[in-house]
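S.K.: Mind looking over this structure? Questions follow.
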Amino acid sequence: MKKLLKATALATALLGGAAVAEPMNIVFTHHSSASNPFWQAVKKGFDDACEKIEANCQMIFTQTEGAIDQQAANMMAALARNPDALLTSIVDNNAFDEILQGAVDNGVITMAVNVDDTEGAAGNARQAFIGQGFVPAGYSLGKAMSEFFPAEGPIKAVVGISAPGQNWSEQRGAGVMQFLEEFKEANPDREVEIVRLDTGTDGAVVAERVGAYINANPDTTAYFDTGLWHAYVAQVLADRGIEPGKVLMGGFDIVAEVLQQMEAGYIQVQVDQQPYMQGFIPVMQAYLAHTVKLSPSDVDTGQGIVRAEDVPALWDLAKQGLR
């Protein structure tokens, strides 16, 4: 954090003094569609940072949520225009290796944002990663949710893998299941069942799949989502007249739909990975790398646990697109 503060201070000094002769060209490609509210907060941070350094910037969304082939095509098209910096999410360990190696070889400042190769720098040529540590975040979600588990009786937990095979979803799910396995070992007198359920990234589809599972398994204790789509499951439960808290729910990212369901009592725990920071910081790092040749460095944007009592303070920021 001290290093980051020093770098930010340097950026501020540079912005107030000598300017870059030509505006930087920065492109941000990722795996999500424009309808995803989380990525609008990332874009807000990206746009604000680009305005500060007076750069020419573009964030390119996919047409289909999670479409790796579309992201790869967007990346190649962007690199054909020879940008100064490329920011991108690495949701697949192999799909982008050759593209990003080519970018680095051509002198493009290249950073992973939001999602990294599971092997980090050993698995991809990117110069740094700005985003959440997914396995620890999943573990923290499971641990925080256990505070709401019933004091006795069986625990039947469902872990929804939103994007099977994609790094962010698999790693978060692995962290949740790691905690649940430890909870099971620590409570040998209780029946603890852990179910993995592939759910998807379309709210209506997730609501249908998880809703059908809960309908067939009404003794489900908790549902963990690796994204924000449990907010749609909450609405299904409300529509069915199932009271808040009967099925405990938690997931990731602070968006309006989630905050509404936390206020209603259907979502108990949420993990914040601070999307505005994920948009803002890599632009500043790219600027420092471009102007004074500072090497980009990894930044963990956190795993803040949010509970119902925290919601009022977050509403205004969410409405501004900052959270």
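All residue names refer to the structure tokens as shown: chains lettered A, B, ... in order, residues numbered from 1 in each chain, ligands numbered from 1 in order.
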Neighbouring residues of A:Gln285 were defined as those with any atom within 6 Å, considering only C-alpha atoms; residues of the same chain fewer than 3 positions away were excluded. Please report them as a PyMOL selection string.
M.R.: chain A and resi 282+288+296
S.K.: Got a sec: who's within 8 Å of stretch 118-123 of chain A, counting only C-alpha atoms, leaving out chain neighbours fewer than 6 positions off, as a ChimeraX atom specification?
M.R.: /A:93,129,167
S.K.: Generate the output file for the selected residues, N, CA and C atoms, as a compact mmCIF listing (two decimals), in the first residue's frame.
M.R.:
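File produced: result26.txt:
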# COMPACT_ATOMS: atom_id res chain seq x y z
N ASN A 93 -6.71 -19.91 -19.11
CA ASN A 93 -5.26 -20.03 -18.96
C ASN A 93 -4.51 -20.13 -20.28
N PHE A 129 -0.93 -7.83 -12.29
CA PHE A 129 -2.35 -8.14 -12.12
C PHE A 129 -2.96 -7.20 -11.10
N ASN A 167 -11.47 -18.89 -14.94
CA ASN A 167 -10.63 -18.82 -13.74
C ASN A 167 -11.33 -18.19 -12.54
S.K.: Within 12 Å of A:Glu182, counting only C-alpha atoms, which residues show up once you throw out same-chain ones fewer than 4 positions away? Write them as a PyMOL selection string, please.
M.R.: chain A and resi 139+142-143+146+175-178+186-188+192+194
S.K.: So that I can see what lies close to A:Val258, please list as number ranges by chain the residues with an atom at most 10 Å from it, counting only C-alpha atoms and leaving out residues fewer than 2 positions away in the same chain.
M.R.: A: 228-232, 234, 250-256, 260-264, 266-267, 269-270, 311
S.K.: Save out the residues we just selected, N, CA, C and O atoms, as a compact mmCIF listing (two decimals), in the first residue's frame.
M.R.:
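Written file, out-v2.txt:
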# COMPACT_ATOMS: atom_id res chain seq x y z
N LEU A 228 -22.88 -12.31 -9.10
CA LEU A 228 -23.94 -11.49 -8.50
C LEU A 228 -25.34 -12.00 -8.82
O LEU A 228 -26.33 -11.37 -8.46
N TRP A 229 -25.43 -13.18 -9.47
CA TRP A 229 -26.71 -13.63 -10.00
C TRP A 229 -27.64 -14.26 -8.96
O TRP A 229 -28.79 -14.57 -9.25
N HIS A 230 -27.17 -14.42 -7.74
CA HIS A 230 -28.07 -14.89 -6.67
C HIS A 230 -29.13 -13.86 -6.34
O HIS A 230 -30.15 -14.18 -5.73
N ALA A 231 -28.91 -12.60 -6.77
CA ALA A 231 -29.94 -11.58 -6.57
C ALA A 231 -31.23 -11.97 -7.32
O ALA A 231 -32.34 -11.68 -6.85
N TYR A 232 -31.07 -12.63 -8.45
CA TYR A 232 -32.23 -13.08 -9.23
C TYR A 232 -32.88 -14.30 -8.58
O TYR A 232 -34.09 -14.48 -8.66
N ALA A 234 -32.93 -14.70 -5.39
CA ALA A 234 -33.66 -14.11 -4.26
C ALA A 234 -35.06 -13.66 -4.68
O ALA A 234 -36.04 -13.85 -3.96
N GLY A 250 -25.25 -15.78 -0.48
CA GLY A 250 -24.13 -14.85 -0.54
C GLY A 250 -23.41 -14.98 -1.86
O GLY A 250 -23.52 -16.00 -2.55
N GLY A 251 -22.68 -13.92 -2.23
CA GLY A 251 -21.95 -13.95 -3.49
C GLY A 251 -20.97 -12.79 -3.57
O GLY A 251 -20.46 -12.33 -2.55
N PHE A 252 -20.79 -12.28 -4.78
CA PHE A 252 -19.75 -11.29 -5.03
C PHE A 252 -20.29 -10.06 -5.75
O PHE A 252 -21.20 -10.15 -6.57
N ASP A 253 -19.72 -8.93 -5.41
CA ASP A 253 -19.94 -7.65 -6.07
C ASP A 253 -21.14 -6.88 -5.51
O ASP A 253 -22.18 -7.46 -5.21
N ILE A 254 -20.92 -5.57 -5.41
CA ILE A 254 -21.91 -4.67 -4.83
C ILE A 254 -22.62 -3.92 -5.96
O ILE A 254 -22.07 -2.98 -6.54
N VAL A 255 -23.80 -4.38 -6.30
CA VAL A 255 -24.62 -3.72 -7.31
C VAL A 255 -26.01 -3.49 -6.71
O VAL A 255 -26.36 -4.06 -5.68
N ALA A 256 -26.80 -2.65 -7.37
CA ALA A 256 -28.09 -2.25 -6.81
C ALA A 256 -29.00 -3.45 -6.51
O ALA A 256 -29.66 -3.51 -5.47
N GLN A 260 -30.53 -4.33 -2.78
CA GLN A 260 -31.98 -4.43 -2.55
C GLN A 260 -32.32 -5.74 -1.83
O GLN A 260 -33.11 -5.75 -0.88
N GLN A 261 -31.72 -6.82 -2.28
CA GLN A 261 -32.03 -8.13 -1.69
C GLN A 261 -31.37 -8.30 -0.31
O GLN A 261 -31.86 -9.06 0.52
N MET A 262 -30.29 -7.59 -0.06
CA MET A 262 -29.72 -7.60 1.29
C MET A 262 -30.65 -6.86 2.24
O MET A 262 -30.89 -7.32 3.37
N GLU A 263 -31.20 -5.74 1.80
CA GLU A 263 -32.15 -5.00 2.64
C GLU A 263 -33.40 -5.84 2.91
O GLU A 263 -33.97 -5.77 4.00
N ALA A 264 -33.79 -6.63 1.92
CA ALA A 264 -34.98 -7.47 2.08
C ALA A 264 -34.71 -8.69 2.94
O ALA A 264 -35.66 -9.38 3.35
N TYR A 266 -32.83 -11.39 2.03
CA TYR A 266 -32.60 -12.63 1.28
C TYR A 266 -31.11 -12.92 1.08
O TYR A 266 -30.73 -14.07 0.87
N ILE A 267 -30.27 -11.90 1.08
CA ILE A 267 -28.83 -12.09 0.95
C ILE A 267 -28.18 -11.66 2.26
O ILE A 267 -28.39 -10.55 2.74
N VAL A 269 -24.60 -12.20 3.07
CA VAL A 269 -23.18 -11.81 2.99
C VAL A 269 -22.81 -11.57 1.53
O VAL A 269 -23.23 -12.32 0.63
N GLN A 270 -22.01 -10.54 1.31
CA GLN A 270 -21.53 -10.24 -0.03
C GLN A 270 -20.05 -9.86 0.05
O GLN A 270 -19.61 -9.29 1.07
N VAL A 311 -25.24 -1.85 4.28
CA VAL A 311 -25.91 -1.45 3.04
C VAL A 311 -26.22 0.05 2.96
O VAL A 311 -25.97 0.68 1.92
S.K.: So which bits of stretch 189-229 of chain A end up alpha helix (DSSP H) when you DSSP the backbone, as a PyMOL selection string?
M.R.: chain A and resi 203-216
S.K.: What does the file look like for those residues with N, CA, C and O atoms, as a PDB file, in the first residue's frame?
M.R.:
ATOM      1  N   GLY A 203     -29.120 -13.844 -15.587  1.00  0.00           N
ATOM      2  CA  GLY A 203     -29.921 -13.826 -14.372  1.00  0.00           C
ATOM      3  C   GLY A 203     -31.144 -14.715 -14.434  1.00  0.00           C
ATOM      4  O   GLY A 203     -31.454 -15.443 -13.476  1.00  0.00           O
ATOM      5  N   ALA A 204     -31.850 -14.705 -15.560  1.00  0.00           N
ATOM      6  CA  ALA A 204     -33.063 -15.518 -15.698  1.00  0.00           C
ATOM      7  C   ALA A 204     -32.729 -17.006 -15.671  1.00  0.00           C
ATOM      8  O   ALA A 204     -33.453 -17.805 -15.052  1.00  0.00           O
ATOM      9  N   VAL A 205     -31.619 -17.372 -16.325  1.00  0.00           N
ATOM     10  CA  VAL A 205     -31.211 -18.779 -16.348  1.00  0.00           C
ATOM     11  C   VAL A 205     -30.793 -19.246 -14.963  1.00  0.00           C
ATOM     12  O   VAL A 205     -31.156 -20.338 -14.511  1.00  0.00           O
ATOM     13  N   VAL A 206     -30.006 -18.421 -14.279  1.00  0.00           N
ATOM     14  CA  VAL A 206     -29.565 -18.774 -12.927  1.00  0.00           C
ATOM     15  C   VAL A 206     -30.763 -18.934 -12.000  1.00  0.00           C
ATOM     16  O   VAL A 206     -30.850 -19.896 -11.226  1.00  0.00           O
ATOM     17  N   ALA A 207     -31.690 -18.000 -12.082  1.00  0.00           N
ATOM     18  CA  ALA A 207     -32.882 -18.071 -11.241  1.00  0.00           C
ATOM     19  C   ALA A 207     -33.657 -19.357 -11.497  1.00  0.00           C
ATOM     20  O   ALA A 207     -34.148 -20.012 -10.563  1.00  0.00           O
ATOM     21  N   GLU A 208     -33.766 -19.746 -12.765  1.00  0.00           N
ATOM     22  CA  GLU A 208     -34.494 -20.968 -13.115  1.00  0.00           C
ATOM     23  C   GLU A 208     -33.785 -22.209 -12.591  1.00  0.00           C
ATOM     24  O   GLU A 208     -34.411 -23.090 -11.988  1.00  0.00           O
ATOM     25  N   ARG A 209     -32.465 -22.279 -12.809  1.00  0.00           N
ATOM     26  CA  ARG A 209     -31.715 -23.473 -12.410  1.00  0.00           C
ATOM     27  C   ARG A 209     -31.653 -23.640 -10.899  1.00  0.00           C
ATOM     28  O   ARG A 209     -31.909 -24.724 -10.364  1.00  0.00           O
ATOM     29  N   VAL A 210     -31.303 -22.557 -10.214  1.00  0.00           N
ATOM     30  CA  VAL A 210     -31.185 -22.646  -8.759  1.00  0.00           C
ATOM     31  C   VAL A 210     -32.567 -22.778  -8.127  1.00  0.00           C
ATOM     32  O   VAL A 210     -32.757 -23.524  -7.156  1.00  0.00           O
ATOM     33  N   GLY A 211     -33.535 -22.063  -8.678  1.00  0.00           N
ATOM     34  CA  GLY A 211     -34.897 -22.177  -8.171  1.00  0.00           C
ATOM     35  C   GLY A 211     -35.422 -23.596  -8.282  1.00  0.00           C
ATOM     36  O   GLY A 211     -36.072 -24.108  -7.361  1.00  0.00           O
ATOM     37  N   ALA A 212     -35.128 -24.257  -9.414  1.00  0.00           N
ATOM     38  CA  ALA A 212     -35.566 -25.641  -9.611  1.00  0.00           C
ATOM     39  C   ALA A 212     -34.870 -26.562  -8.618  1.00  0.00           C
ATOM     40  O   ALA A 212     -35.496 -27.497  -8.070  1.00  0.00           O
ATOM     41  N   TYR A 213     -33.574 -26.310  -8.366  1.00  0.00           N
ATOM     42  CA  TYR A 213     -32.845 -27.141  -7.401  1.00  0.00           C
ATOM     43  C   TYR A 213     -33.440 -26.998  -6.007  1.00  0.00           C
ATOM     44  O   TYR A 213     -33.674 -27.998  -5.308  1.00  0.00           O
ATOM     45  N   ILE A 214     -33.697 -25.757  -5.595  1.00  0.00           N
ATOM     46  CA  ILE A 214     -34.243 -25.528  -4.253  1.00  0.00           C
ATOM     47  C   ILE A 214     -35.652 -26.108  -4.143  1.00  0.00           C
ATOM     48  O   ILE A 214     -36.036 -26.660  -3.103  1.00  0.00           O
ATOM     49  N   ASN A 215     -36.412 -26.028  -5.220  1.00  0.00           N
ATOM     50  CA  ASN A 215     -37.759 -26.606  -5.221  1.00  0.00           C
ATOM     51  C   ASN A 215     -37.699 -28.119  -5.013  1.00  0.00           C
ATOM     52  O   ASN A 215     -38.530 -28.693  -4.296  1.00  0.00           O
ATOM     53  N   ALA A 216     -36.690 -28.760  -5.623  1.00  0.00           N
ATOM     54  CA  ALA A 216     -36.523 -30.206  -5.475  1.00  0.00           C
ATOM     55  C   ALA A 216     -35.816 -30.580  -4.175  1.00  0.00           C
ATOM     56  O   ALA A 216     -35.915 -31.736  -3.720  1.00  0.00           O
TER      57      ALA A 216
END
S.K.: Nearest residue to A:Val247 out of A:Ile26, A:Leu197, A:Leu86, A:Met145, using only C-alpha atoms?
M.R.: A:Met145
S.K.: Using only C-alpha atoms, tabulate the residues of stretch 215-288 of chain A lying at most 8 Å from any atom of stretch 30-54 of chain A, each with its closest atom pair and that distance in Å to one decimal, by chain and increasing residue number, as CSV.
M.R.:
residue,atom,partner,partner_atom,distance
A:Asp253,CA,A:Phe38,CA,6.8
A:Ile254,CA,A:Phe38,CA,7.5
A:Val255,CA,A:Phe38,CA,6.5
A:Pro275,CA,A:Val42,CA,4.7
A:Tyr276,CA,A:Gly45,CA,4.4
A:Met277,CA,A:Gly45,CA,6.3
A:Gln278,CA,A:Val42,CA,6.0
A:Gly279,CA,A:Phe46,CA,4.1
A:Phe280,CA,A:Gly45,CA,4.4
A:Ile281,CA,A:Ala49,CA,7.7
A:Val283,CA,A:Ala49,CA,6.1
A:Met284,CA,A:Ala49,CA,6.8
A:Tyr287,CA,A:Ile53,CA,7.5
